[in-house]
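Dumped target25.cif below, it's mmCIF, C-alpha atoms (C1' of nucleotides):
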data_target
loop_
_atom_site.group_PDB
_atom_site.id
_atom_site.type_symbol
_atom_site.label_atom_id
_atom_site.label_comp_id
_atom_site.auth_asym_id
_atom_site.auth_seq_id
_atom_site.Cartn_x
_atom_site.Cartn_y
_atom_site.Cartn_z
ATOM 1 C CA MET A 4 124.293 110.990 87.214
ATOM 2 C CA THR A 5 124.719 107.240 87.633
ATOM 3 C CA SER A 6 125.459 105.453 90.903
ATOM 4 C CA GLU A 7 128.730 104.380 89.377
ATOM 5 C CA ALA A 8 129.808 107.934 88.595
ATOM 6 C CA LEU A 9 128.764 109.120 92.038
ATOM 7 C CA ALA A 10 130.574 106.222 93.658
ATOM 8 C CA HIS A 11 133.715 107.123 91.743
ATOM 9 C CA CYS A 12 133.434 110.759 92.878
ATOM 10 C CA MET A 13 133.363 109.808 96.509
ATOM 11 C CA SER A 14 135.595 106.761 96.398
ATOM 12 C CA THR A 15 133.002 104.218 97.346
ATOM 13 C CA HIS A 16 130.837 101.506 95.838
ATOM 14 C CA PRO A 17 127.767 101.999 93.582
ATOM 15 C CA VAL A 18 125.611 99.858 95.864
ATOM 16 C CA VAL A 19 126.517 102.021 98.832
ATOM 17 C CA VAL A 20 125.444 105.046 96.801
ATOM 18 C CA ARG A 21 122.131 103.402 95.942
ATOM 19 C CA ARG A 22 121.491 102.560 99.566
ATOM 20 C CA THR A 23 121.992 106.140 100.660
ATOM 21 C CA MET A 24 120.310 107.751 97.668
ATOM 22 C CA GLY A 25 117.368 105.432 98.220
ATOM 23 C CA LEU A 26 116.742 107.164 101.550
ATOM 24 C CA LEU A 27 116.871 110.552 99.865
ATOM 25 C CA ARG A 28 114.415 109.299 97.259
ATOM 26 C CA LYS A 29 111.979 108.169 99.964
ATOM 27 C CA ALA A 30 112.168 111.714 101.295
ATOM 28 C CA GLY A 31 111.346 113.060 97.850
ATOM 29 C CA LEU A 32 114.640 114.859 97.387
ATOM 30 C CA VAL A 33 115.901 112.902 94.397
ATOM 31 C CA ALA A 34 114.520 110.622 91.724
ATOM 32 C CA SER A 35 116.121 107.704 89.929
ATOM 33 C CA GLU A 36 115.603 106.211 86.502
ATOM 34 C CA ARG A 37 116.672 102.849 85.143
ATOM 35 C CA GLY A 38 118.016 101.768 81.848
ATOM 36 C CA HIS A 39 119.919 103.721 79.249
ATOM 37 C CA ALA A 40 120.570 107.318 80.270
ATOM 38 C CA GLY A 41 119.222 106.451 83.708
ATOM 39 C CA GLY A 42 120.678 107.532 87.035
ATOM 40 C CA TRP A 43 119.968 110.063 89.764
ATOM 41 C CA ARG A 44 118.479 113.500 89.545
ATOM 42 C CA ILE A 45 117.729 116.150 92.166
ATOM 43 C CA THR A 46 113.999 116.836 92.216
ATOM 44 C CA ALA A 47 113.727 119.557 94.833
ATOM 45 C CA ALA A 48 114.713 123.193 94.438
ATOM 46 C CA LEU A 49 118.218 123.767 95.768
ATOM 47 C CA GLU A 50 116.969 126.746 97.802
ATOM 48 C CA ALA A 51 114.361 124.568 99.481
ATOM 49 C CA VAL A 52 116.588 121.734 100.692
ATOM 50 C CA THR A 53 118.629 122.209 103.846
ATOM 51 C CA LEU A 54 121.156 120.016 105.609
ATOM 52 C CA ARG A 55 118.441 119.521 108.227
ATOM 53 C CA HIS A 56 116.307 117.864 105.551
ATOM 54 C CA LEU A 57 119.187 115.608 104.590
ATOM 55 C CA HIS A 58 119.825 114.660 108.197
ATOM 56 C CA ALA A 59 116.150 113.790 108.631
ATOM 57 C CA ALA A 60 116.023 111.886 105.338
ATOM 58 C CA LEU A 61 119.014 109.799 106.401
ATOM 59 C CA GLY A 62 117.227 108.703 109.569
ATOM 60 C CA GLU A 63 118.462 111.355 112.008
ATOM 61 C CA PRO A 64 121.729 109.596 112.813
ATOM 62 C CA ALA A 65 123.153 110.244 116.285
ATOM 63 C CA ILE A 66 125.018 113.526 116.513
ATOM 64 C CA PHE A 67 127.020 112.800 119.642
ATOM 65 C CA ALA A 68 129.674 110.169 120.119
ATOM 66 C CA ILE A 69 129.673 110.410 123.915
ATOM 67 C CA GLY A 70 127.126 110.586 126.680
ATOM 68 C CA ASN A 71 123.938 108.839 127.741
ATOM 69 C CA ARG A 72 124.032 105.201 126.713
ATOM 70 C CA ASN A 73 120.842 104.402 128.531
ATOM 71 C CA GLU A 74 117.851 106.697 128.889
ATOM 72 C CA THR A 75 116.547 105.161 132.112
ATOM 73 C CA PRO A 76 119.339 103.257 133.867
ATOM 74 C CA ASP A 77 118.883 101.441 137.170
ATOM 75 C CA CYS A 78 122.349 102.590 138.200
ATOM 76 C CA LEU A 79 122.024 105.679 140.384
ATOM 77 C CA VAL A 80 125.439 107.007 139.397
ATOM 78 C CA GLU A 81 124.449 106.801 135.753
ATOM 79 C CA GLN A 82 121.193 108.537 136.610
ATOM 80 C CA SER A 83 123.050 111.399 138.249
ATOM 81 C CA VAL A 84 125.404 111.872 135.319
ATOM 82 C CA ASN A 85 122.523 111.751 132.865
ATOM 83 C CA ALA A 86 120.579 114.299 134.881
ATOM 84 C CA ALA A 87 123.591 116.600 134.941
ATOM 85 C CA LEU A 88 124.191 116.488 131.189
ATOM 86 C CA ASP A 89 120.978 115.639 129.367
ATOM 87 C CA GLY A 90 119.877 119.254 129.220
ATOM 88 C CA THR A 91 123.205 120.373 127.857
ATOM 89 C CA PHE A 92 123.265 117.726 125.161
ATOM 90 C CA ALA A 93 119.717 118.652 124.176
ATOM 91 C CA GLU A 94 120.725 122.295 123.951
ATOM 92 C CA ALA A 95 123.775 121.558 121.825
ATOM 93 C CA GLU A 96 121.743 119.288 119.563
ATOM 94 C CA ALA A 97 119.100 121.970 119.099
ATOM 95 C CA LEU A 98 121.792 124.467 118.176
ATOM 96 C CA LEU A 99 123.257 122.149 115.566
ATOM 97 C CA LEU A 100 119.903 121.239 114.061
ATOM 98 C CA GLU A 101 118.991 124.926 113.809
ATOM 99 C CA ARG A 102 122.201 125.618 111.946
ATOM 100 C CA PHE A 103 121.688 122.632 109.682
ATOM 101 C CA ALA A 104 118.336 124.134 108.796
ATOM 102 C CA GLU A 105 120.022 127.387 107.765
ATOM 103 C CA VAL A 106 122.285 125.827 105.134
ATOM 104 C CA THR A 107 120.635 125.122 101.776
ATOM 105 C CA LEU A 108 121.977 123.170 98.838
ATOM 106 C CA ALA A 109 121.877 126.478 96.950
ATOM 107 C CA ASP A 110 124.301 127.942 99.514
ATOM 108 C CA LEU A 111 126.638 124.999 99.116
ATOM 109 C CA SER A 112 126.373 125.193 95.345
ATOM 110 C CA ALA A 113 127.276 128.881 95.333
ATOM 111 C CA ASP A 114 130.249 128.265 97.613
ATOM 112 C CA PHE A 115 131.351 125.379 95.450
ATOM 113 C CA THR A 116 131.164 127.522 92.307
ATOM 114 C CA ARG A 117 133.310 130.183 93.968
ATOM 115 C CA ARG A 118 135.923 127.620 95.032
ATOM 116 C CA HIS A 119 135.902 126.050 91.610
ATOM 117 C CA ALA A 120 136.575 129.382 89.878
ATOM 118 C CA GLN A 121 139.317 130.103 92.388
ATOM 119 C CA ARG A 122 141.030 126.785 91.756
ATOM 120 C CA ARG A 123 140.898 127.361 88.013
ATOM 121 C CA ALA A 124 142.398 130.823 88.399
ATOM 122 C CA GLN A 125 145.230 129.414 90.476
ATOM 123 C CA LYS A 126 146.111 126.882 87.844
ATOM 124 C CA GLU A 127 146.782 129.600 85.282
ATOM 125 C CA MET B 14 137.991 99.853 145.826
ATOM 126 C CA THR B 15 139.538 97.075 143.732
ATOM 127 C CA SER B 16 139.420 96.870 139.949
ATOM 128 C CA GLU B 17 137.382 93.731 140.313
ATOM 129 C CA ALA B 18 134.724 95.406 142.450
ATOM 130 C CA LEU B 19 134.552 98.380 140.089
ATOM 131 C CA ALA B 20 134.318 96.059 137.097
ATOM 132 C CA HIS B 21 131.439 94.239 138.743
ATOM 133 C CA CYS B 22 129.651 97.543 139.435
ATOM 134 C CA MET B 23 129.745 98.535 135.797
ATOM 135 C CA SER B 24 129.439 95.118 134.215
ATOM 136 C CA THR B 25 132.845 95.015 132.598
ATOM 137 C CA HIS B 26 136.260 93.459 133.041
ATOM 138 C CA PRO B 27 138.869 94.387 135.687
ATOM 139 C CA VAL B 28 141.514 94.967 133.013
ATOM 140 C CA VAL B 29 139.254 97.428 131.249
ATOM 141 C CA VAL B 30 138.853 99.262 134.546
ATOM 142 C CA ARG B 31 142.628 99.371 135.055
ATOM 143 C CA ARG B 32 143.173 100.758 131.578
ATOM 144 C CA THR B 33 140.741 103.589 132.116
ATOM 145 C CA MET B 34 141.698 104.274 135.717
ATOM 146 C CA GLY B 35 145.326 104.342 134.611
ATOM 147 C CA LEU B 36 144.525 107.430 132.543
ATOM 148 C CA LEU B 37 142.868 109.070 135.532
ATOM 149 C CA ARG B 38 145.925 108.250 137.601
ATOM 150 C CA LYS B 39 148.238 109.887 135.055
ATOM 151 C CA ALA B 40 146.083 112.982 135.426
ATOM 152 C CA GLY B 41 146.531 112.846 139.200
ATOM 153 C CA LEU B 42 142.871 112.239 139.949
ATOM 154 C CA VAL B 43 143.190 108.812 141.522
ATOM 155 C CA ALA B 44 145.894 106.643 143.062
ATOM 156 C CA SER B 45 146.276 102.893 143.100
ATOM 157 C CA GLU B 46 147.926 100.502 145.522
ATOM 158 C CA ARG B 47 148.917 96.896 145.047
ATOM 159 C CA GLY B 48 148.696 93.872 147.266
ATOM 160 C CA HIS B 49 146.381 93.115 150.163
ATOM 161 C CA ALA B 50 143.889 95.908 150.819
ATOM 162 C CA GLY B 51 145.066 97.546 147.632
ATOM 163 C CA GLY B 52 142.880 99.122 144.962
ATOM 164 C CA TRP B 53 141.819 102.564 143.770
ATOM 165 C CA ARG B 54 141.336 105.747 145.712
ATOM 166 C CA ILE B 55 140.256 109.249 144.692
ATOM 167 C CA THR B 56 143.068 111.668 145.491
ATOM 168 C CA ALA B 57 141.542 114.994 144.419
ATOM 169 C CA ALA B 58 138.886 116.985 146.267
ATOM 170 C CA LEU B 59 135.445 116.187 144.854
ATOM 171 C CA GLU B 60 134.704 119.919 144.577
ATOM 172 C CA ALA B 61 137.828 120.426 142.467
ATOM 173 C CA VAL B 62 137.252 117.763 139.814
ATOM 174 C CA THR B 63 134.863 118.488 136.961
ATOM 175 C CA LEU B 64 133.629 116.367 134.078
ATOM 176 C CA ARG B 65 135.845 118.591 131.908
ATOM 177 C CA HIS B 66 138.851 117.283 133.826
ATOM 178 C CA LEU B 67 137.712 113.714 133.289
ATOM 179 C CA HIS B 68 137.197 114.314 129.581
ATOM 180 C CA ALA B 69 140.699 115.770 129.320
ATOM 181 C CA ALA B 70 142.218 112.958 131.389
ATOM 182 C CA LEU B 71 140.631 110.374 129.098
ATOM 183 C CA GLY B 72 142.295 111.951 126.073
ATOM 184 C CA GLU B 73 139.553 114.322 124.907
ATOM 185 C CA PRO B 74 137.595 111.701 122.988
ATOM 186 C CA ALA B 75 135.602 112.980 120.015
ATOM 187 C CA ILE B 76 132.298 114.517 121.025
ATOM 188 C CA PHE B 77 130.560 114.346 117.654
ATOM 189 C CA ALA B 78 129.596 111.269 115.705
ATOM 190 C CA ILE B 79 128.964 113.152 112.466
ATOM 191 C CA GLY B 80 130.679 115.844 110.434
ATOM 192 C CA ASN B 81 134.096 116.675 109.101
ATOM 193 C CA ARG B 82 136.037 113.518 108.362
ATOM 194 C CA ASN B 83 138.897 115.405 106.806
ATOM 195 C CA GLU B 84 140.199 118.777 107.929
ATOM 196 C CA THR B 85 141.645 119.778 104.546
ATOM 197 C CA PRO B 86 140.024 117.742 101.772
ATOM 198 C CA ASP B 87 140.892 118.122 98.101
ATOM 199 C CA CYS B 88 137.237 117.643 97.231
ATOM 200 C CA LEU B 89 135.612 121.040 96.728
ATOM 201 C CA VAL B 90 132.178 119.789 97.759
ATOM 202 C CA GLU B 91 133.620 118.521 100.990
ATOM 203 C CA GLN B 92 135.359 121.842 101.449
ATOM 204 C CA SER B 93 132.093 123.709 101.055
ATOM 205 C CA VAL B 94 130.261 121.528 103.552
ATOM 206 C CA ASN B 95 133.110 121.827 106.039
ATOM 207 C CA ALA B 96 133.149 125.586 105.652
ATOM 208 C CA ALA B 97 129.417 125.739 106.250
ATOM 209 C CA LEU B 98 129.479 123.677 109.444
ATOM 210 C CA ASP B 99 132.897 123.896 111.082
ATOM 211 C CA GLY B 100 131.982 127.048 112.991
ATOM 212 C CA THR B 101 128.771 125.535 114.271
ATOM 213 C CA PHE B 102 130.455 122.380 115.451
ATOM 214 C CA ALA B 103 133.113 124.444 117.202
ATOM 215 C CA GLU B 104 130.422 126.477 118.903
ATOM 216 C CA ALA B 105 128.506 123.414 120.040
ATOM 217 C CA GLU B 106 131.686 121.792 121.294
ATOM 218 C CA ALA B 107 132.621 124.905 123.250
ATOM 219 C CA LEU B 108 129.158 124.926 124.830
ATOM 220 C CA LEU B 109 129.457 121.315 125.900
ATOM 221 C CA LEU B 110 132.953 121.698 127.292
ATOM 222 C CA GLU B 111 131.855 124.750 129.288
ATOM 223 C CA ARG B 112 129.042 122.771 130.804
ATOM 224 C CA PHE B 113 131.302 119.840 131.538
ATOM 225 C CA ALA B 114 133.476 122.266 133.475
ATOM 226 C CA GLU B 115 130.509 123.310 135.607
ATOM 227 C CA VAL B 116 129.730 119.826 136.921
ATOM 228 C CA THR B 117 131.930 118.648 139.816
ATOM 229 C CA LEU B 118 132.171 115.213 141.343
ATOM 230 C CA ALA B 119 130.796 116.829 144.493
ATOM 231 C CA ASP B 120 127.667 117.796 142.556
ATOM 232 C CA LEU B 121 127.243 114.276 141.278
ATOM 233 C CA SER B 122 127.886 112.857 144.732
ATOM 234 C CA ALA B 123 125.203 115.072 146.268
ATOM 235 C CA ASP B 124 122.724 114.118 143.580
ATOM 236 C CA PHE B 125 123.546 110.466 144.041
ATOM 237 C CA THR B 126 123.022 110.714 147.809
ATOM 238 C CA ARG B 127 119.638 112.304 147.248
ATOM 239 C CA ARG B 128 118.594 109.560 144.803
ATOM 240 C CA HIS B 129 119.875 106.875 147.126
ATOM 241 C CA ALA B 130 117.806 108.179 150.043
ATOM 242 C CA GLN B 131 114.787 108.414 147.794
ATOM 243 C CA ARG B 132 115.126 104.846 146.604
ATOM 244 C CA ARG B 133 115.438 103.669 150.215
ATOM 245 C CA ALA B 134 112.331 105.575 151.204
ATOM 246 C CA GLN B 135 110.371 104.026 148.351
ATOM 247 C CA LYS B 136 111.266 100.522 149.450
ATOM 248 C CA GLU B 137 109.639 101.020 152.870
ATOM 249 C "C1'" DT C 10 160.126 83.264 153.667
ATOM 250 C "C1'" DG C 11 156.123 81.864 151.116
ATOM 251 C "C1'" DA C 12 151.375 82.253 149.862
ATOM 252 C "C1'" DA C 13 147.731 85.273 148.678
ATOM 253 C "C1'" DT C 14 146.418 89.689 146.629
ATOM 254 C "C1'" DT C 15 146.187 93.341 143.589
ATOM 255 C "C1'" DC C 16 147.772 96.372 140.132
ATOM 256 C "C1'" DG C 17 150.525 97.035 135.251
ATOM 257 C "C1'" DT C 18 150.624 95.970 130.766
ATOM 258 C "C1'" DA C 19 151.329 93.529 126.535
ATOM 259 C "C1'" DA C 20 149.245 90.430 123.456
ATOM 260 C "C1'" DT C 21 145.413 88.205 121.700
ATOM 261 C "C1'" DA C 22 140.519 87.261 120.839
ATOM 262 C "C1'" DA C 23 135.802 88.400 120.403
ATOM 263 C "C1'" DA C 24 132.043 91.426 119.269
ATOM 264 C "C1'" DC C 25 130.047 94.908 116.823
ATOM 265 C "C1'" DG C 26 128.792 98.113 113.277
ATOM 266 C "C1'" DA C 27 129.901 100.281 108.979
ATOM 267 C "C1'" DA C 28 131.253 99.666 104.450
ATOM 268 C "C1'" DG C 29 132.165 96.921 100.523
ATOM 269 C "C1'" DT C 30 130.949 93.185 97.399
ATOM 270 C "C1'" DT C 31 128.377 89.716 94.970
ATOM 271 C "C1'" DA C 32 124.348 88.122 92.881
ATOM 272 C "C1'" DC C 33 120.310 88.391 90.688
ATOM 273 C "C1'" DA C 34 115.851 90.567 89.635
ATOM 274 C "C1'" DT C 35 113.407 94.512 87.427
ATOM 275 C "C1'" DG C 36 112.703 98.102 84.236
ATOM 276 C "C1'" DA C 37 113.918 101.186 80.272
ATOM 277 C "C1'" DA C 38 116.156 102.527 76.070
ATOM 278 C "C1'" DA C 39 118.789 101.616 71.814
ATOM 279 C "C1'" DT D 1 116.627 91.450 72.298
ATOM 280 C "C1'" DT D 2 120.680 93.249 73.927
ATOM 281 C "C1'" DT D 3 122.584 96.646 76.852
ATOM 282 C "C1'" DC D 4 122.458 99.616 80.604
ATOM 283 C "C1'" DA D 5 121.018 101.106 85.015
ATOM 284 C "C1'" DT D 6 118.598 100.817 89.390
ATOM 285 C "C1'" DG D 7 116.555 97.723 93.633
ATOM 286 C "C1'" DT D 8 117.618 94.851 97.075
ATOM 287 C "C1'" DA D 9 118.918 90.828 99.654
ATOM 288 C "C1'" DA D 10 122.710 88.234 101.220
ATOM 289 C "C1'" DC D 11 127.184 87.867 102.356
ATOM 290 C "C1'" DT D 12 132.014 89.387 103.277
ATOM 291 C "C1'" DT D 13 135.493 92.438 104.792
ATOM 292 C "C1'" DC D 14 137.322 95.925 107.614
ATOM 293 C "C1'" DG D 15 138.223 98.793 111.565
ATOM 294 C "C1'" DT D 16 137.312 99.945 116.166
ATOM 295 C "C1'" DT D 17 136.056 98.951 120.698
ATOM 296 C "C1'" DT D 18 135.790 95.815 124.356
ATOM 297 C "C1'" DA D 19 136.910 91.558 126.619
ATOM 298 C "C1'" DT D 20 140.132 88.096 127.879
ATOM 299 C "C1'" DT D 21 144.401 85.773 128.780
ATOM 300 C "C1'" DA D 22 148.882 85.750 130.503
ATOM 301 C "C1'" DC D 23 152.478 86.982 133.138
ATOM 302 C "C1'" DG D 24 155.269 90.310 135.781
ATOM 303 C "C1'" DA D 25 155.853 93.375 139.857
ATOM 304 C "C1'" DA D 26 154.709 95.111 144.274
ATOM 305 C "C1'" DT D 27 152.528 94.588 148.747
ATOM 306 C "C1'" DT D 28 150.578 92.352 152.777
ATOM 307 C "C1'" DC D 29 149.776 88.616 155.883
ATOM 308 C "C1'" DA D 30 150.762 84.322 158.228
#

Take the structure I supplied and represent it as structure tokens, if you would.
Amino acid sequence: MTSEALAHCMSTHPVVVRRTMGLLRKAGLVASERGHAGGWRITAALEAVTLRHLHAALGEPAIFAIGNRNETPDCLVEQSVNAALDGTFAEAEALLLERFAEVTLADLSADFTRRHAQRRAQKE
Amino acid sequence: MTSEALAHCMSTHPVVVRRTMGLLRKAGLVASERGHAGGWRITAALEAVTLRHLHAALGEPAIFAIGNRNETPDCLVEQSVNAALDGTFAEAEALLLERFAEVTLADLSADFTRRHAQRRAQKE
DNA sequence: TGAATTCGTAATAAACGAAGTTACATGAAA
DNA sequence: TTTCATGTAACTTCGTTTATTACGAATTCA
């Protein structure tokens, strides 16, 4: 599939697709080919790739939007709040990452296939 | 304490402080007074106010930085990913909110006092 | 009463990061 | 050798958050 086709699917720009897919390629999850009939291809087995792998491949972006702006602040108030919540955030993050690791591309593909059949049936 | 003093403490602007404190006032957690010797005052008992209350007073800002951009997408792929993760995110959010509810301002105050004494002792 | 303070709030500007776009180089196939 | 597609740097645009300005209203003090 070409960057252009992918970009069209998700309403964005081919270069944005290349940027992101490039990270997945570095992680060995996809391969790209240039020229005629080029584009992107999944190289790993769908059963072997989890959302945890994708999260790691994309640079482990921050999961939380709030909390802890500074790991070791001088401000004692900030220190107290961090101390009160750091453990909880770590626990919640661990939970999420565990769950990410339980969802494979094969799972998503199966669910997609089911939804696709359902949508087709509804149209009739 | 005046908005200006608070702003200085947290390296920001007095108007920013007023905006945020205004939300806490609407929630009944603080009161403000104008004119000479005016400023902000905590009105609730420190034991009675939790971080959960603060989060609610500030409008329940989003906790997660990733996941679910669209609650009911047309895209079937997006639907599959949402279905796979929505429960997990809900669980993690519930965990965090529970913990927020367990931390009172009194707890933070006690921890701060301890740290403050410790810092003083170290200076001698 | 009048000057000094301090909050209340709207309006505007600045800063920042994410996303989009352009441009051009590289490689592969027809 | 032309066409197609990725690779990547540079730049622009966009949206959100934060900072700032400006002015009004309320309160205190002299």

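Applied to this file, the PyMOL selection byres ((chain C) within 7 of (chain A)) selects the residues DG29, DG36, DA37 and DA38 of chain C.
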
For chain B against chain A, which residues fall within 9 Å using only C-alpha atoms, given as a ChimeraX atom specification?
-> /B:22-23,74-80,88-90,92-94,96-98,101-102,104-106,108-109,112-113,116,120-122,124-125,128-129

Provide as a list in words the residues of chain D at most 10 Å from chain A, counting all atoms listed in the file.
->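 Listed by rising number, the hits are DT3, DC4, DA5, DT6, DG7 and DT8 of chain D.
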
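Of the residues under consideration (C:DC16, C:DA28, C:DC33, C:DA22), C:DA22 shows the shortest atom-to-atom contact distance to DT21 (chain D) when counting only C-alpha atoms (C1' of nucleotides).
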
After superposing chain A onto chain B (least squares, all C-alpha atoms, pairing by order), export the transformed chain as a short mmCIF file (atom, residue, chain, number, x, y, z; two decimals) with C-alpha atoms, in the frame of the given file.
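Produced file out_14.cif, reproduced below:
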data_model
loop_
_atom_site.label_atom_id
_atom_site.label_comp_id
_atom_site.auth_asym_id
_atom_site.auth_seq_id
_atom_site.Cartn_x
_atom_site.Cartn_y
_atom_site.Cartn_z
CA MET A 4 138.02 99.88 145.84
CA THR A 5 139.54 97.11 143.73
CA SER A 6 139.40 96.89 139.94
CA GLU A 7 137.39 93.74 140.37
CA ALA A 8 134.74 95.43 142.50
CA LEU A 9 134.56 98.38 140.13
CA ALA A 10 134.31 96.06 137.16
CA HIS A 11 131.44 94.24 138.83
CA CYS A 12 129.65 97.55 139.49
CA MET A 13 129.73 98.53 135.87
CA SER A 14 129.42 95.10 134.30
CA THR A 15 132.80 95.00 132.67
CA HIS A 16 136.23 93.46 133.08
CA PRO A 17 138.88 94.38 135.71
CA VAL A 18 141.51 94.95 133.03
CA VAL A 19 139.23 97.40 131.25
CA VAL A 20 138.85 99.25 134.55
CA ARG A 21 142.62 99.37 135.02
CA ARG A 22 143.12 100.71 131.53
CA THR A 23 140.70 103.56 132.10
CA MET A 24 141.69 104.26 135.69
CA GLY A 25 145.30 104.32 134.56
CA LEU A 26 144.51 107.41 132.48
CA LEU A 27 142.87 109.06 135.47
CA ARG A 28 145.94 108.23 137.54
CA LYS A 29 148.23 109.88 134.98
CA ALA A 30 146.07 112.97 135.36
CA GLY A 31 146.52 112.82 139.12
CA LEU A 32 142.87 112.24 139.89
CA VAL A 33 143.20 108.82 141.49
CA ALA A 34 145.90 106.66 143.01
CA SER A 35 146.28 102.90 143.08
CA GLU A 36 147.94 100.53 145.51
CA ARG A 37 148.94 96.92 145.06
CA GLY A 38 148.79 93.96 147.30
CA HIS A 39 146.52 93.24 150.21
CA ALA A 40 143.98 95.99 150.84
CA GLY A 41 145.12 97.59 147.59
CA GLY A 42 142.89 99.13 144.94
CA TRP A 43 141.83 102.57 143.76
CA ARG A 44 141.35 105.75 145.69
CA ILE A 45 140.27 109.25 144.66
CA THR A 46 143.07 111.69 145.43
CA ALA A 47 141.56 114.99 144.38
CA ALA A 48 138.90 116.96 146.22
CA LEU A 49 135.46 116.18 144.83
CA GLU A 50 134.72 119.91 144.53
CA ALA A 51 137.83 120.42 142.43
CA VAL A 52 137.24 117.74 139.79
CA THR A 53 134.85 118.46 136.94
CA LEU A 54 133.61 116.35 134.05
CA ARG A 55 135.82 118.56 131.89
CA HIS A 56 138.84 117.24 133.80
CA LEU A 57 137.68 113.68 133.25
CA HIS A 58 137.16 114.28 129.55
CA ALA A 59 140.66 115.73 129.27
CA ALA A 60 142.18 112.93 131.35
CA LEU A 61 140.59 110.34 129.07
CA GLY A 62 142.25 111.88 126.02
CA GLU A 63 139.52 114.28 124.88
CA PRO A 64 137.55 111.68 122.94
CA ALA A 65 135.55 112.98 119.97
CA ILE A 66 132.25 114.52 120.99
CA PHE A 67 130.52 114.37 117.62
CA ALA A 68 129.57 111.29 115.66
CA ILE A 69 128.94 113.18 112.42
CA GLY A 70 130.65 115.86 110.40
CA ASN A 71 134.11 116.70 109.11
CA ARG A 72 136.04 113.53 108.38
CA ASN A 73 138.91 115.40 106.84
CA GLU A 74 140.22 118.78 107.96
CA THR A 75 141.69 119.77 104.60
CA PRO A 76 140.08 117.73 101.82
CA ASP A 77 140.96 118.13 98.15
CA CYS A 78 137.30 117.65 97.28
CA LEU A 79 135.70 121.05 96.78
CA VAL A 80 132.25 119.82 97.79
CA GLU A 81 133.67 118.54 101.05
CA GLN A 82 135.42 121.87 101.51
CA SER A 83 132.16 123.74 101.09
CA VAL A 84 130.31 121.56 103.57
CA ASN A 85 133.13 121.85 106.08
CA ALA A 86 133.20 125.62 105.70
CA ALA A 87 129.46 125.78 106.27
CA LEU A 88 129.50 123.70 109.46
CA ASP A 89 132.90 123.92 111.12
CA GLY A 90 131.99 127.06 113.02
CA THR A 91 128.77 125.55 114.27
CA PHE A 92 130.44 122.38 115.46
CA ALA A 93 133.10 124.43 117.23
CA GLU A 94 130.39 126.48 118.92
CA ALA A 95 128.47 123.41 120.06
CA GLU A 96 131.66 121.78 121.32
CA ALA A 97 132.58 124.89 123.29
CA LEU A 98 129.13 124.92 124.86
CA LEU A 99 129.43 121.30 125.92
CA LEU A 100 132.93 121.68 127.30
CA GLU A 101 131.84 124.73 129.30
CA ARG A 102 129.01 122.75 130.82
CA PHE A 103 131.28 119.82 131.55
CA ALA A 104 133.46 122.24 133.46
CA GLU A 105 130.49 123.29 135.60
CA VAL A 106 129.72 119.80 136.92
CA THR A 107 131.93 118.63 139.80
CA LEU A 108 132.18 115.19 141.34
CA ALA A 109 130.81 116.81 144.50
CA ASP A 110 127.67 117.78 142.56
CA LEU A 111 127.25 114.25 141.28
CA SER A 112 127.87 112.84 144.74
CA ALA A 113 125.21 115.06 146.28
CA ASP A 114 122.71 114.11 143.58
CA PHE A 115 123.55 110.46 144.05
CA THR A 116 123.02 110.71 147.81
CA ARG A 117 119.61 112.30 147.25
CA ARG A 118 118.58 109.56 144.80
CA HIS A 119 119.85 106.89 147.13
CA ALA A 120 117.79 108.20 150.06
CA GLN A 121 114.77 108.44 147.79
CA ARG A 122 115.11 104.85 146.63
CA ARG A 123 115.42 103.66 150.22
CA ALA A 124 112.31 105.59 151.22
CA GLN A 125 110.37 104.04 148.37
CA LYS A 126 111.27 100.55 149.45
CA GLU A 127 109.64 101.04 152.84
#

List the neighbours of Ala47 (chain A) out to 12 Å using all atoms listed in the file; skip same-chain residues closer than 6 positions along the sequence, and give me the result as a list in words.
-> Leu27, Arg28, Ala30, Gly31, Leu32, Val33, Ala34, Thr53, His56, Leu57, Thr107, Leu108 and Ala109 of chain A

Restrict the selected residues to C-alpha atoms and save them as an mmCIF file, in the frame of the given file.
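Final file, again27.cif:
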data_model
loop_
_atom_site.group_PDB
_atom_site.id
_atom_site.type_symbol
_atom_site.label_atom_id
_atom_site.label_comp_id
_atom_site.auth_asym_id
_atom_site.auth_seq_id
_atom_site.Cartn_x
_atom_site.Cartn_y
_atom_site.Cartn_z
ATOM 1 C CA LEU A 27 116.871 110.552 99.865
ATOM 2 C CA ARG A 28 114.415 109.299 97.259
ATOM 3 C CA ALA A 30 112.168 111.714 101.295
ATOM 4 C CA GLY A 31 111.346 113.060 97.850
ATOM 5 C CA LEU A 32 114.640 114.859 97.387
ATOM 6 C CA VAL A 33 115.901 112.902 94.397
ATOM 7 C CA ALA A 34 114.520 110.622 91.724
ATOM 8 C CA THR A 53 118.629 122.209 103.846
ATOM 9 C CA HIS A 56 116.307 117.864 105.551
ATOM 10 C CA LEU A 57 119.187 115.608 104.590
ATOM 11 C CA THR A 107 120.635 125.122 101.776
ATOM 12 C CA LEU A 108 121.977 123.170 98.838
ATOM 13 C CA ALA A 109 121.877 126.478 96.950
#

Skipping near chain neighbours, those fewer than 5 positions away, what residues fall within 10 Å of DC29 (chain D) using all atoms listed in the file, listed as number ranges by chain?
-> B: 49; C: 12-14

Return the single residue from B:Val62, B:Ala134, B:Ala103, B:Leu36 that is closest to Asn81 (chain B), with distances computed using all atoms listed in the file.
->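 Closest to Asn81 (chain B), using all atoms listed in the file: B:Ala103.
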
C1' of DA20 (chain C) and C1' of DG24 (chain D) are how many Å apart?
-> 13.7 Å

Can you list, as a list in words, every protein, DNA or RNA residue that comes within 12 Å of DT17 (chain D) when you count all atoms listed in the file, leaving out same-chain residues fewer than 4 positions away?
->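 Answer for this query is Val29 of chain B; DA23, DA24, DC25 and DG26 of chain C.
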